[in-house]
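Student: Below is structure_19.pdb; it holds PDB, C-alpha atoms and all ligand atoms.
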```pdb
ATOM      1  CA  MET M   1     -24.331  16.227   5.086
ATOM      2  CA  THR M   2     -21.907  13.507   6.165
ATOM      3  CA  GLU M   3     -18.552  13.059   4.531
ATOM      4  CA  HIS M   4     -18.832   9.290   4.439
ATOM      5  CA  ILE M   5     -18.085   7.485   1.217
ATOM      6  CA  PHE M   6     -20.302   4.554   0.223
ATOM      7  CA  VAL M   7     -18.729   1.314  -0.950
ATOM      8  CA  CYS M   8     -21.367  -0.371  -3.117
ATOM      9  CA  PRO M   9     -21.872  -2.902  -5.898
ATOM     10  CA  TYR M  10     -22.528  -1.775  -9.460
ATOM     11  CA  ASN M  11     -26.179  -1.390 -10.352
ATOM     12  CA  LYS M  12     -27.420   1.484 -12.544
ATOM     13  CA  GLU M  13     -30.785   1.917 -10.856
ATOM     14  CA  PHE M  14     -29.241   1.731  -7.390
ATOM     15  CA  LEU M  15     -26.597   4.322  -8.249
ATOM     16  CA  SER M  16     -29.279   6.732  -9.418
ATOM     17  CA  ARG M  17     -30.982   6.308  -6.012
ATOM     18  CA  LEU M  18     -27.732   7.237  -4.263
ATOM     19  CA  LYS M  19     -27.825  10.713  -5.800
ATOM     20  CA  ASN M  20     -24.969  13.118  -5.025
ATOM     21  CA  ARG M  21     -22.989  10.649  -2.954
ATOM     22  CA  THR M  22     -19.319   9.887  -3.282
ATOM     23  CA  VAL M  23     -18.919   6.200  -4.016
ATOM     24  CA  VAL M  24     -16.433   3.380  -4.365
ATOM     25  CA  VAL M  25     -18.058   0.966  -6.802
ATOM     26  CA  THR M  26     -17.097  -2.696  -6.583
ATOM     27  CA  THR M  27     -17.153  -5.180  -9.427
ATOM     28  CA  GLU M  28     -15.594  -8.471 -10.439
ATOM     29  CA  ASP M  29     -15.820  -7.630 -14.138
ATOM     30  CA  PRO M  30     -13.064  -5.375 -15.537
ATOM     31  CA  GLY M  31     -15.164  -5.098 -18.717
ATOM     32  CA  LEU M  32     -17.567  -2.835 -16.790
ATOM     33  CA  ILE M  33     -15.001  -0.217 -15.735
ATOM     34  CA  TYR M  34     -15.718   2.350 -18.426
ATOM     35  CA  GLN M  35     -19.489   1.896 -18.103
ATOM     36  CA  ILE M  36     -19.315   2.300 -14.304
ATOM     37  CA  GLN M  37     -17.431   5.543 -14.602
ATOM     38  CA  ARG M  38     -20.013   6.934 -17.073
ATOM     39  CA  GLU M  39     -22.958   5.896 -14.886
ATOM     40  CA  VAL M  40     -21.462   7.219 -11.656
ATOM     41  CA  ASN M  41     -20.697  10.569 -13.214
ATOM     42  CA  LYS M  42     -24.379  11.077 -14.081
ATOM     43  CA  SER M  43     -25.495  11.531 -10.480
ATOM     44  CA  ASN M  44     -22.633  10.745  -8.082
ATOM     45  CA  MET M  45     -18.942  11.405  -7.466
ATOM     46  CA  LEU M  46     -16.532   8.570  -8.132
ATOM     47  CA  HIS M  47     -13.916   7.967  -5.450
ATOM     48  CA  ALA M  48     -12.655   4.742  -7.053
ATOM     49  CA  ILE M  49     -13.677   1.545  -8.772
ATOM     50  CA  LYS M  50     -12.600  -1.572  -6.910
ATOM     51  CA  VAL M  51     -12.117  -4.470  -9.308
ATOM     52  CA  SER M  52     -11.606  -7.909  -7.733
ATOM     53  CA  VAL M  53     -10.269 -10.690  -9.929
ATOM     54  CA  GLY M  54      -8.645 -14.091  -9.518
ATOM     55  CA  VAL M  55      -5.558 -13.550 -11.677
ATOM     56  CA  LEU M  56      -4.149 -10.097 -12.423
ATOM     57  CA  SER M  57      -2.487 -10.980 -15.714
ATOM     58  CA  GLU M  58      -5.792 -12.135 -17.190
ATOM     59  CA  ILE M  59      -7.096  -8.564 -17.206
ATOM     60  CA  ARG M  60      -6.980  -6.877 -20.621
ATOM     61  CA  PHE M  61      -6.020  -3.362 -19.572
ATOM     62  CA  GLN M  62      -7.575  -0.615 -21.718
ATOM     63  CA  GLU M  63      -6.265   2.804 -22.704
ATOM     64  CA  SER M  64      -9.810   4.143 -22.240
ATOM     65  CA  TRP M  65      -9.396   3.586 -18.464
ATOM     66  CA  GLN M  66      -6.889   6.436 -18.206
ATOM     67  CA  ASN M  67      -7.879   8.969 -15.523
ATOM     68  CA  ILE M  68     -10.337   6.557 -13.894
ATOM     69  CA  PRO M  69      -9.269   5.834 -10.296
ATOM     70  CA  ILE M  70      -9.116   2.036 -10.111
ATOM     71  CA  ALA M  71      -7.994  -0.322  -7.352
ATOM     72  CA  PHE M  72      -7.339  -3.788  -8.750
ATOM     73  CA  TYR M  73      -7.479  -6.631  -6.224
ATOM     74  CA  ALA M  74      -6.112  -9.975  -7.378
ATOM     75  CA  ASN M  75      -5.634 -13.273  -5.584
ATOM     76  CA  GLU M  76      -2.705 -14.135  -7.846
ATOM     77  CA  PHE M  77      -0.304 -12.271 -10.084
ATOM     78  CA  GLY M  78      -0.318 -14.774 -12.969
ATOM     79  CA  SER M  79       1.912 -14.486 -16.033
ATOM     80  CA  TYR M  80       4.646 -11.850 -16.000
ATOM     81  CA  LYS M  81       4.750 -11.961 -19.820
ATOM     82  CA  ASN M  82       1.102 -10.880 -20.055
ATOM     83  CA  ILE M  83       1.726  -7.977 -17.689
ATOM     84  CA  GLN M  84       4.909  -6.942 -19.454
ATOM     85  CA  GLN M  85       3.079  -6.801 -22.805
ATOM     86  CA  GLN M  86       0.590  -4.366 -21.290
ATOM     87  CA  LEU M  87       3.052  -2.210 -19.365
ATOM     88  CA  HIS M  88       2.710   0.755 -21.746
ATOM     89  CA  ILE M  89      -1.011   0.892 -20.876
ATOM     90  CA  LEU M  90      -0.639   0.139 -17.176
ATOM     91  CA  ARG M  91       1.888   2.944 -16.719
ATOM     92  CA  ASN M  92      -0.668   5.505 -17.888
ATOM     93  CA  LEU M  93      -3.491   4.342 -15.664
ATOM     94  CA  ASN M  94      -4.555   5.990 -12.437
ATOM     95  CA  SER M  95      -4.590   2.650 -10.699
ATOM     96  CA  ARG M  96      -3.187   0.705  -7.773
ATOM     97  CA  ILE M  97      -2.688  -3.043  -7.861
ATOM     98  CA  PHE M  98      -3.295  -5.010  -4.668
ATOM     99  CA  LEU M  99      -2.158  -8.611  -4.446
ATOM    100  CA  SER M 100      -3.341 -10.994  -1.748
ATOM    101  CA  ASP M 101      -1.052 -12.071   1.096
ATOM    102  CA  GLN M 102      -2.274 -15.648   0.580
ATOM    103  CA  SER M 103      -0.010 -16.431  -2.393
ATOM    104  CA  GLU M 104       3.736 -16.440  -1.748
ATOM    105  CA  PHE M 105       4.639 -15.533  -5.327
ATOM    106  CA  ASN M 106       2.702 -12.280  -4.847
ATOM    107  CA  PHE M 107       5.475 -11.003  -2.564
ATOM    108  CA  ILE M 108       7.975 -11.306  -5.405
ATOM    109  CA  ALA M 109       5.456  -9.882  -7.867
ATOM    110  CA  LEU M 110       4.968  -6.800  -5.679
ATOM    111  CA  ARG M 111       8.694  -6.108  -5.716
ATOM    112  CA  ILE M 112       8.596  -6.370  -9.507
ATOM    113  CA  LEU M 113       5.583  -4.058  -9.844
ATOM    114  CA  SER M 114       7.101  -1.574  -7.440
ATOM    115  CA  SER M 115      10.446  -1.614  -9.260
ATOM    116  CA  LEU M 116       8.536  -0.968 -12.492
ATOM    117  CA  ARG M 117       7.186   2.145 -10.707
ATOM    118  CA  LEU M 118       3.636   0.862 -10.640
ATOM    119  CA  SER M 119       1.633   1.835  -7.594
ATOM    120  CA  CYS M 120       0.821  -1.355  -5.723
ATOM    121  CA  GLY M 121      -0.034  -2.868  -2.371
ATOM    122  CA  LEU M 122      -0.190  -6.008  -0.319
ATOM    123  CA  HIS M 123      -3.738  -6.938   0.561
ATOM    124  CA  LEU M 124      -3.470  -7.995   4.193
ATOM    125  CA  THR M 125      -6.528 -10.194   4.263
ATOM    126  CA  GLY M 126      -6.612 -10.648   8.031
ATOM    127  CA  LYS M 127      -5.765 -14.347   7.667
ATOM    128  CA  ASP M 128      -2.561 -16.010   8.768
ATOM    129  CA  CYS M 129       0.151 -15.645   6.127
ATOM    130  CA  ASN M 130       3.896 -15.911   5.644
ATOM    131  CA  TRP M 131       4.928 -13.192   8.123
ATOM    132  CA  GLU M 132       8.579 -13.390   7.190
ATOM    133  CA  MET M 133       7.698 -12.518   3.608
ATOM    134  CA  VAL M 134       5.452  -9.678   4.748
ATOM    135  CA  ASN M 135       8.323  -8.362   6.854
ATOM    136  CA  ASP M 136      10.836  -8.684   3.984
ATOM    137  CA  LEU M 137       8.509  -6.760   1.695
ATOM    138  CA  MET M 138       8.066  -4.055   4.301
ATOM    139  CA  HIS M 139      11.859  -3.763   4.676
ATOM    140  CA  PHE M 140      12.242  -3.602   0.898
ATOM    141  CA  THR M 141       9.847  -0.679   0.600
ATOM    142  CA  MET M 142      10.916   1.174   3.772
ATOM    143  CA  TYR M 143      14.676   0.793   3.666
ATOM    144  CA  GLY M 144      15.436  -0.296   0.065
ATOM    145  CA  ARG M 145      17.892   1.871  -1.847
ATOM    146  CA  ILE M 146      16.577   1.074  -5.309
ATOM    147  CA  ARG M 147      14.079   3.625  -6.565
ATOM    148  CA  HIS M 148      10.642   2.094  -6.613
ATOM    149  CA  ALA M 149       6.970   2.961  -6.365
ATOM    150  CA  PRO M 150       5.418   2.915  -2.883
ATOM    151  CA  ILE M 151       3.893  -0.322  -1.638
ATOM    152  CA  GLU M 152       0.765  -0.089   0.488
ATOM    153  CA  PRO M 153      -0.228  -0.255   3.270
ATOM    154  CA  PHE M 154       3.364   0.472   4.381
ATOM    155  CA  ASP M 155       3.603   3.832   2.630
ATOM    156  CA  TRP M 156       0.230   4.916   4.008
ATOM    157  CA  ILE M 157       1.255   3.958   7.547
ATOM    158  CA  VAL M 158       4.422   6.014   7.324
ATOM    159  CA  SER M 159       2.692   9.060   5.883
ATOM    160  CA  HIS M 160      -0.181   8.932   8.406
ATOM    161  CA  TYR M 161       1.785   7.677  11.399
ATOM    162  CA  GLU M 162       0.687   9.050  14.763
ATOM    163  CA  PRO M 163       3.657   8.591  17.132
ATOM    164  CA  THR M 164       1.491   9.108  20.202
ATOM    165  CA  GLY M 165      -1.806   7.751  18.913
ATOM    166  CA  TYR M 166      -3.333   5.032  16.758
ATOM    167  CA  THR M 167      -2.745   4.519  13.036
ATOM    168  CA  ASP M 168      -5.326   2.383  11.235
ATOM    169  CA  PHE M 169      -4.268   1.297   7.764
ATOM    170  CA  SER M 170      -7.649  -0.220   6.847
ATOM    171  CA  PHE M 171      -8.419   3.106   5.110
ATOM    172  CA  VAL M 172      -6.136   1.877   2.311
ATOM    173  CA  TYR M 173      -8.609  -0.939   1.614
ATOM    174  CA  PHE M 174     -11.746   1.301   1.733
ATOM    175  CA  ASN M 175     -12.635  -0.530   4.901
ATOM    176  CA  ASN M 176     -12.650   1.909   7.799
ATOM    177  CA  PRO M 177     -16.087   3.097   8.999
ATOM    178  CA  VAL M 178     -14.665   6.477   9.988
ATOM    179  CA  LYS M 179     -14.624   7.259   6.272
ATOM    180  CA  TYR M 180     -16.236   4.358   4.373
ATOM    181  CA  LEU M 181     -19.560   2.606   4.883
ATOM    182  CA  HIS M 182     -20.649  -0.463   2.939
ATOM    183  CA  ILE M 183     -24.093  -0.465   1.379
ATOM    184  CA  ASN M 184     -25.986  -3.013  -0.730
ATOM    185  CA  GLU M 185     -28.817  -2.627  -3.261
ATOM    186  CA  LYS M 186     -31.420  -2.941  -0.471
ATOM    187  CA  GLU M 187     -29.775   0.103   1.141
ATOM    188  CA  GLN M 188     -28.631  -1.965   4.111
ATOM    189  CA  ILE M 189     -25.546  -0.336   5.616
ATOM    190  CA  ALA M 190     -22.670  -2.182   7.273
ATOM    191  CA  LEU M 191     -19.590  -0.884   9.061
ATOM    192  CA  THR M 192     -17.105  -3.123   7.268
ATOM    193  CA  GLU M 193     -16.788  -5.512   4.362
ATOM    194  CA  ASP M 194     -16.903  -8.462   6.782
ATOM    195  CA  ASP M 195     -20.055  -7.124   8.432
ATOM    196  CA  MET M 196     -21.674  -6.788   5.004
ATOM    197  CA  ARG M 197     -20.706 -10.395   4.175
ATOM    198  CA  ASN M 198     -22.127 -11.569   7.516
ATOM    199  CA  ASN M 199     -25.366  -9.557   7.142
ATOM    200  CA  HIS M 200     -24.584  -7.406  10.143
ATOM    201  CA  PHE M 201     -26.221  -4.084   9.341
ATOM    202  CA  ILE M 202     -26.421  -0.886  11.337
ATOM    203  CA  ALA M 203     -29.028   0.904   9.202
ATOM    204  CA  GLU M 204     -31.483   0.164   6.385
ATOM    205  CA  ASP M 205     -31.761   3.393   4.436
ATOM    206  CA  ALA M 206     -29.099   5.269   2.468
ATOM    207  CA  ARG M 207     -30.315   8.591   3.831
ATOM    208  CA  SER M 208     -29.520   7.508   7.381
ATOM    209  CA  VAL M 209     -25.862   8.101   6.589
ATOM    210  CA  ASP M 210     -26.548  11.824   7.078
ATOM    211  CA  THR M 211     -27.223  11.179  10.760
ATOM    212  CA  ILE M 212     -24.953   8.184  11.198
ATOM    213  CA  LYS M 213     -23.082   9.796  14.073
ATOM    214  CA  GLU M 214     -26.291   9.497  16.110
ATOM    215  CA  ASN M 215     -26.619   5.788  15.265
ATOM    216  CA  GLU M 216     -26.116   3.713  18.407
ATOM    217  CA  GLU M 217     -24.084   0.951  16.739
ATOM    218  CA  TYR M 218     -21.914   3.477  14.977
ATOM    219  CA  GLN M 219     -21.251   5.232  18.271
ATOM    220  CA  ASP M 220     -20.446   1.868  19.856
ATOM    221  CA  PHE M 221     -17.935   1.228  17.120
ATOM    222  CA  LEU M 222     -16.260   4.605  17.746
ATOM    223  CA  ASN M 223     -16.231   4.188  21.510
ATOM    224  CA  LYS M 224     -15.205   0.544  21.665
ATOM    225  CA  ARG M 225     -12.713   0.151  18.829
ATOM    226  CA  TYR M 226      -9.686   0.251  21.161
ATOM    227  CA  GLU M 227     -11.366  -1.625  24.012
ATOM    228  CA  ILE M 228      -9.332  -4.763  23.357
ATOM    229  CA  MET M 229      -6.464  -2.873  25.018
ATOM    230  CA  MET M 230      -8.321  -3.151  28.326
ATOM    231  CA  GLN M 231      -8.719  -6.929  28.145
ATOM    232  CA  MET M 232      -6.232  -9.512  29.354
ATOM    233  CA  THR M 233      -5.203 -10.644  25.886
ATOM    234  CA  ASP M 234      -1.924 -10.806  23.934
ATOM    235  CA  CYS M 235      -2.969  -7.641  22.096
ATOM    236  CA  ALA M 236      -3.215  -5.629  25.316
ATOM    237  CA  PHE M 237       0.472  -6.308  25.971
ATOM    238  CA  CYS M 238       1.600  -5.981  22.362
ATOM    239  CA  PRO M 239       3.988  -3.064  21.723
ATOM    240  CA  ALA M 240       2.636  -2.761  18.172
ATOM    241  CA  PHE M 241      -1.031  -2.417  19.056
ATOM    242  CA  ARG M 242      -0.968   1.216  17.914
ATOM    243  CA  VAL M 243      -0.486   0.236  14.259
ATOM    244  CA  CYS M 244      -2.250  -3.148  14.211
ATOM    245  CA  LEU M 245      -5.199  -2.458  16.503
ATOM    246  CA  GLY M 246      -5.700  -6.157  17.153
ATOM    247  CA  LYS M 247      -6.531  -7.103  13.580
ATOM    248  CA  TYR M 248      -5.062 -10.589  14.156
ATOM    249  CA  LYS M 249      -6.431 -11.100  17.645
ATOM    250  CA  ASP M 250      -7.693 -14.613  16.819
ATOM    251  CA  LEU M 251      -4.316 -15.824  15.569
ATOM    252  CA  HIS M 252      -2.611 -18.488  17.702
ATOM    253  CA  ASP M 253       1.012 -18.056  18.764
ATOM    254  CA  LYS M 254       1.336 -14.414  17.785
ATOM    255  CA  ASN M 255       4.949 -13.955  18.877
ATOM    256  CA  ASN M 256       6.747 -14.962  15.712
ATOM    257  CA  LYS M 257       3.904 -13.838  13.526
ATOM    258  CA  CYS M 258       1.867 -10.639  13.675
ATOM    259  CA  LYS M 259       3.578  -9.292  16.803
ATOM    260  CA  SER M 260       7.038  -9.530  15.389
ATOM    261  CA  PHE M 261       6.041  -8.030  12.018
ATOM    262  CA  PHE M 262       3.979  -5.135  13.406
ATOM    263  CA  SER M 263       6.717  -4.306  15.918
ATOM    264  CA  ASP M 264       9.208  -3.979  13.042
ATOM    265  CA  LEU M 265       6.692  -1.963  11.068
ATOM    266  CA  MET M 266       6.190   0.431  13.957
ATOM    267  CA  GLU M 267       9.914   0.825  14.334
ATOM    268  CA  ALA M 268      10.168   1.670  10.616
ATOM    269  CA  ALA M 269       7.329   4.175  10.937
ATOM    270  CA  ASP M 270       9.005   5.736  13.994
ATOM    271  CA  TYR M 271      12.276   5.968  12.092
ATOM    272  CA  ALA M 272      10.615   7.568   9.030
ATOM    273  CA  PHE M 273       8.703   9.958  11.286
ATOM    274  CA  SER M 274      11.798  11.059  13.162
ATOM    275  CA  LYS M 275      13.655  11.583   9.862
ATOM    276  CA  LYS M 276      10.777  13.739   8.618
ATOM    277  CA  THR M 277      10.527  15.852  11.742
ATOM    278  CA  HIS M 278      14.171  16.056  12.794
ATOM    279  CA  GLN M 279      15.453  19.605  12.481
ATOM    280  CA  TRP M 280      18.908  20.902  13.158
ATOM    281  CA  GLN M 281      19.037  23.042  16.251
ATOM    282  CA  LEU M 282      21.905  25.068  17.676
TER     283      LEU M 282
HETATM  284  S1  LIG M 301       0.253  -7.558  16.245
HETATM  285 FE1  LIG M 301      -0.845  -9.405  16.934
HETATM  286  S2  LIG M 301      -0.655  -9.334  19.156
HETATM  287 FE2  LIG M 301      -0.153  -7.292  18.395
HETATM  288  S3  LIG M 301      -2.051  -6.136  18.451
HETATM  289 FE3  LIG M 301      -1.881  -7.063  16.452
HETATM  290  S4  LIG M 301      -3.018  -8.986  16.611
HETATM  291 FE4  LIG M 301      -2.567  -8.318  18.663
END
```
Rewrite the structure of this file - the entire thing - as structure tokens.
Ligand code: SF4
Tutor:
Amino acid sequence: MTEHIFVCPYNKEFLSRLKNRTVVVTTEDPGLIYQIQREVNKSNMLHAIKVSVGVLSEIRFQESWQNIPIAFYANEFGSYKNIQQQLHILRNLNSRIFLSDQSEFNFIALRILSSLRLSCGLHLTGKDCNWEMVNDLMHFTMYGRIRHAPIEPFDWIVSHYEPTGYTDFSFVYFNNPVKYLHINEKEQIALTEDDMRNNHFIAEDARSVDTIKENEEYQDFLNKRYEIMMQMTDCAFCPAFRVCLGKYKDLHDKNNKCKSFFSDLMEAADYAFSKKTHQWQL
């Protein structure tokens, strides 16, 4: 049996077909959270519920969601007042709040959430964004002296950093085929969220996940994921390739954008790693 986790939409009948699998269930309706948890527990194991919304503050957080692992994804933070009024509930949830990198106010909001000790993260969407603000937020979480909750994916990168290898933070977003595979109600399987959106499937039956390592396209993914390093592109000469892995390869003028940010991030990860491993020797 494979250890892959399925990322799938909510559908009762479909979940019952996915018997004994570990799943991340996606929904755009926070009102379904409790129901999803009950349904999943009947025949599957719940890894997390991923709830995508437009505005975070419009969610009515419920005490009944305690102990349910939830990843909220919001395009915008919304009204601080609405969040503040629900803080007593939010603090008791087993949740992480991701805000999109496409709204500049979200960078301030993430500092607020983190200072309130709420687990949170920046959703790096893969699109161009304000790199200076991304870098400032990374510095705040890596070097800041004020006590605060971790901000992803920075915290994940530091704790999983491979100083001589590659570190891929897309795990944080349930979007790395080494661990997560995306499946729809027709049991079509895709390597990533983008592949699912673009109807690029590698298999058409949920059971094929048990032998996925023999799947030609899956093997291609494993063998070719670092191939960009061999091509004559900006990424091949980028010192930060090891933590970015070319995620912004289509971006124009990378120097003051992704390259500069990921280089700083790698330096921070190196620093944190050396602090963790440094031992006094006579
Ligand atoms: S930071 Fe930019 S240039 Fe460097 S590997 Fe990533 S996408 Fe390529």
Student: With only C-alpha atoms as the counted atoms, please give the residues lying no more than 8 Å from Ala203 of chain M, apart from itself and same-chain residues fewer than 6 positions off, as a ChimeraX atom specification.
Tutor: /M:188-190
Student: Report as a compact mmCIF listing (two decimals) with C-alpha atoms, keeping the file's coordinate frame which protein, DNA and RNA residues come within 8 Å of ligand LIG 301 (chain M), using all atoms listed in the file.
Tutor:
```
# COMPACT_ATOMS: atom_id res chain seq x y z
CA ASP M 234 -1.92 -10.81 23.93
CA CYS M 235 -2.97 -7.64 22.10
CA ALA M 236 -3.22 -5.63 25.32
CA PHE M 237 0.47 -6.31 25.97
CA CYS M 238 1.60 -5.98 22.36
CA PRO M 239 3.99 -3.06 21.72
CA ALA M 240 2.64 -2.76 18.17
CA PHE M 241 -1.03 -2.42 19.06
CA ARG M 242 -0.97 1.22 17.91
CA VAL M 243 -0.49 0.24 14.26
CA CYS M 244 -2.25 -3.15 14.21
CA LEU M 245 -5.20 -2.46 16.50
CA GLY M 246 -5.70 -6.16 17.15
CA LYS M 247 -6.53 -7.10 13.58
CA TYR M 248 -5.06 -10.59 14.16
CA LYS M 249 -6.43 -11.10 17.64
CA ASP M 250 -7.69 -14.61 16.82
CA LEU M 251 -4.32 -15.82 15.57
CA LYS M 254 1.34 -14.41 17.78
CA ASN M 255 4.95 -13.96 18.88
CA LYS M 257 3.90 -13.84 13.53
CA CYS M 258 1.87 -10.64 13.68
CA LYS M 259 3.58 -9.29 16.80
CA SER M 260 7.04 -9.53 15.39
CA PHE M 261 6.04 -8.03 12.02
CA PHE M 262 3.98 -5.14 13.41
CA SER M 263 6.72 -4.31 15.92
```
Student: Give me, as a list in words, all polymer residues having an atom no more than 12 Å from segment 160-163 of chain M, counting all atoms listed in the file and skipping those fewer than 5 positions away in the same chain.
Tutor: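 Residues near the query, excluding close chain neighbours: Pro153, Phe154, Asp155, Asp168, Phe169, Ser170, Phe171, Val172, Ala240, Arg242, Val243, Cys244, Leu265, Met266, Glu267, Ala268, Ala269, Asp270, Tyr271, Ala272, Phe273, Ser274, Lys276 and Thr277 of chain M.
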Student: By how many Å are atom CA of Asp194 of chain M and atom CA of Ala48 of chain M apart?
Tutor: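 Atom CA of Asp194 of chain M sits 19.6 Å away from atom CA of Ala48 of chain M.
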Student: With the PyMOL selection byres (((chain M and resi 96-113) around 6) and not hetatm) as the selection, what would be picked from this file? Answer as a PyMOL selection string, please.
Tutor: chain M and resi 71-75+95+114-116+118-124
Student: For segment 81-93 of chain M, I'd like the enclosing box, axis-aligned and padded by 3 Å on every side, reported as JSON with centre and edge lengths in Å to one decimal.
Tutor:
```
{"center_x": 0.7, "center_y": -3.2, "center_z": -19.2, "size_x": 14.4, "size_y": 23.5, "size_z": 13.1}
```
Student: I need the residue set behind the PyMOL selection byres (((chain M and resi 36-44) around 12) and not hetatm) for this file; please write it as number ranges by chain.
Tutor: M: 5-6, 8-27, 29-35, 45-51, 64-70
Student: Please compute the atom CA of Val134 of chain M-atom CA of Glu76 of chain M distance, one decimal, in Å.
Tutor: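 The value is 15.7 Å.
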Student: Enter the distance from atom CA of Arg60 of chain M to atom CA of Asn82 of chain M, in Å, rounded to one decimal.
Tutor: 9.0 Å
Student: Report as a ChimeraX atom specification all protein, DNA and RNA residues lying within 10 Å of Lys186 of chain M, evaluated on only C-alpha atoms, omitting residues in the same chain fewer than 6 positions from it.
Tutor: /M:14,204-206
Student: Given the file shown, determine the residues that the PyMOL selection byres (((chain M and resi 90) around 9) and not hetatm) selects; report them as a list in words.
Tutor: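 On the file shown, the PyMOL selection byres (((chain M and resi 90) around 9) and not hetatm) covers Phe61, Gln62, Glu63, Gln66, Ile83, Gln86, Leu87, His88, Ile89, Arg91, Asn92, Leu93, Asn94, Ser95 and Leu118 of chain M.
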